[in-house]
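*Asks:* Just dropping this structure here.
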Amino acid sequence: MNKFELYCMIFYFLDAEYDENKSKALGDFLSGANPFLFTDIGSADPAVYVDFCNKIPEKITLENSLSIASEYIDSLNNDVVSLAFDDVNQDEWFKCVKEYLLSEHKGSHV
(Lines give C-alpha, C1' and ligand atoms only; values in the text may rest on other atoms or scores of the structure.)
Protein backbone atom coordinates (compact mmCIF):
# COMPACT_ATOMS: atom_id res chain seq x y z
CA MET A 1 0.00 0.00 0.00
CA ASN A 2 1.42 3.39 -0.90
CA LYS A 3 0.90 6.73 0.83
CA PHE A 4 -1.64 8.00 -1.67
CA GLU A 5 -3.75 4.85 -1.33
CA LEU A 6 -3.80 5.26 2.45
CA TYR A 7 -4.65 8.93 2.04
CA CYS A 8 -7.59 8.04 -0.22
CA MET A 9 -8.87 5.44 2.25
CA ILE A 10 -8.85 8.02 5.04
CA PHE A 11 -10.70 10.42 2.76
CA TYR A 12 -13.30 7.78 1.85
CA PHE A 13 -14.00 6.96 5.49
CA LEU A 14 -14.27 10.61 6.50
CA ASP A 15 -16.46 11.34 3.48
CA ALA A 16 -18.80 8.51 4.45
CA GLU A 17 -19.08 10.00 7.92
CA TYR A 18 -19.78 13.40 6.37
CA ASP A 19 -22.57 11.86 4.28
CA GLU A 20 -24.21 10.74 7.52
CA ASN A 21 -23.81 13.85 9.68
CA LYS A 22 -23.29 16.77 7.23
CA SER A 23 -20.90 18.52 9.64
CA LYS A 24 -19.83 21.82 8.12
CA ALA A 25 -16.42 21.64 9.81
CA LEU A 26 -15.81 18.14 8.46
CA GLY A 27 -17.00 19.24 5.02
CA ASP A 28 -14.55 22.13 5.11
CA PHE A 29 -11.70 19.76 5.92
CA LEU A 30 -12.73 17.35 3.17
CA SER A 31 -12.88 20.16 0.61
CA GLY A 32 -9.18 20.84 1.06
CA ALA A 33 -8.28 17.18 1.46
CA ASN A 34 -10.07 15.97 -1.68
CA PRO A 35 -7.64 13.72 -3.60
CA PHE A 36 -9.86 13.50 -6.68
CA LEU A 37 -10.28 17.14 -7.67
CA PHE A 38 -7.19 17.15 -9.87
CA THR A 39 -5.57 14.44 -12.00
CA ASP A 40 -2.24 14.54 -10.16
CA ILE A 41 -1.41 12.74 -6.93
CA GLY A 42 -2.25 15.15 -4.13
CA SER A 43 -5.14 17.04 -2.63
CA ALA A 44 -7.30 20.02 -3.54
CA ASP A 45 -5.19 22.08 -1.14
CA PRO A 46 -1.69 20.77 -1.91
CA ALA A 47 -0.49 21.53 1.63
CA VAL A 48 -2.86 18.92 3.09
CA TYR A 49 -1.31 16.03 1.17
CA VAL A 50 2.25 17.32 1.71
CA ASP A 51 1.58 17.44 5.47
CA PHE A 52 0.16 13.93 5.32
CA CYS A 53 3.23 12.58 3.48
CA ASN A 54 5.56 14.21 5.98
CA LYS A 55 3.82 12.41 8.85
CA ILE A 56 3.49 8.96 7.28
CA PRO A 57 6.23 6.30 7.27
CA GLU A 58 7.34 4.73 4.00
CA LYS A 59 6.32 1.19 4.98
CA ILE A 60 2.56 0.80 5.00
CA THR A 61 0.95 -2.61 5.16
CA LEU A 62 -2.65 -3.67 5.43
CA GLU A 63 -1.97 -4.71 9.01
CA ASN A 64 -0.56 -1.35 10.14
CA SER A 65 -2.64 0.91 7.87
CA LEU A 66 -5.39 1.66 10.40
CA SER A 67 -2.96 2.52 13.19
CA ILE A 68 -0.97 4.79 10.84
CA ALA A 69 -4.20 6.45 9.67
CA SER A 70 -5.32 6.96 13.28
CA GLU A 71 -1.96 8.50 14.22
CA TYR A 72 -2.25 10.90 11.29
CA ILE A 73 -5.79 11.88 12.27
CA ASP A 74 -4.64 12.46 15.86
CA SER A 75 -1.77 14.65 14.64
CA LEU A 76 -4.25 17.06 13.03
CA ASN A 77 -5.49 18.23 16.44
CA ASN A 78 -8.92 18.68 14.88
CA ASP A 79 -11.67 17.46 17.20
CA VAL A 80 -14.26 17.24 14.41
CA VAL A 81 -12.05 15.12 12.15
CA SER A 82 -10.90 12.96 15.07
CA LEU A 83 -14.47 12.34 16.19
CA ALA A 84 -15.49 11.40 12.65
CA PHE A 85 -12.64 8.90 12.38
CA ASP A 86 -13.32 7.39 15.82
CA ASP A 87 -16.22 5.43 14.31
CA VAL A 88 -13.94 3.39 12.03
CA ASN A 89 -14.36 -0.29 12.75
CA GLN A 90 -11.17 -2.34 12.30
CA ASP A 91 -12.86 -5.21 10.44
CA GLU A 92 -14.68 -2.80 8.14
CA TRP A 93 -11.43 -0.89 7.52
CA PHE A 94 -9.52 -4.04 6.50
CA LYS A 95 -12.37 -5.24 4.29
CA CYS A 96 -12.65 -1.88 2.51
CA VAL A 97 -8.89 -1.50 2.08
CA LYS A 98 -8.64 -4.98 0.53
CA GLU A 99 -11.48 -4.22 -1.89
CA TYR A 100 -9.98 -0.85 -2.78
CA LEU A 101 -6.52 -2.25 -3.45
CA LEU A 102 -7.94 -4.97 -5.69
CA SER A 103 -9.92 -2.49 -7.77
CA GLU A 104 -8.68 -0.09 -10.44
CA HIS A 105 -7.92 3.19 -8.67
CA LYS A 106 -6.05 6.45 -8.90
CA GLY A 107 -2.57 6.19 -7.45
CA SER A 108 -2.12 2.46 -7.84
CA HIS A 109 1.01 3.09 -9.92
CA VAL A 110 2.75 5.27 -7.32
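Residues are named by chain letter and number: chains run A, B, ... in the order of the C-alpha coordinates, numbers start at 1 in each chain, and ligands are numbered from 1 in the order shown.
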Identify, on the basis of only C-alpha atoms, every residue whose closest approach to segment 3-19 of chain A does not exceed 8 Å; exclude the query and any residue fewer than 3 positions from it along the same chain; express the result as a list of chain:residue names.
*Replies:* A:Lys22, A:Ser23, A:Leu26, A:Gly27, A:Leu30, A:Ala33, A:Asn34, A:Pro35, A:Ile41, A:Gly42, A:Tyr49, A:Phe52, A:Cys53, A:Ile56, A:Glu58, A:Ile60, A:Ser65, A:Ala69, A:Val81, A:Ala84, A:Phe85, A:Val88, A:Val97, A:Leu101, A:Gly107, A:Ser108, A:Val110
*Asks:* May I ask which of the residues A:Asn21, A:Tyr72, A:Asn77, A:Glu99 is the closest one to Pro57 of chain A, counting only C-alpha atoms?
*Replies:* A:Tyr72
*Asks:* Could you check how far atom CA of Ala47 of chain A sits from atom CA of Tyr100 of chain A, in Å to one decimal?
*Replies:*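 So the answer is 24.7 Å.
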*Asks:* In Å, rounded to a single decimal, give me how far atom CA of Asn2 of chain A is from atom CA of Lys55 of chain A.
*Replies:*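 Atom-to-atom, atom CA of Lys55 of chain A and atom CA of Asn2 of chain A are spaced 13.5 Å apart.
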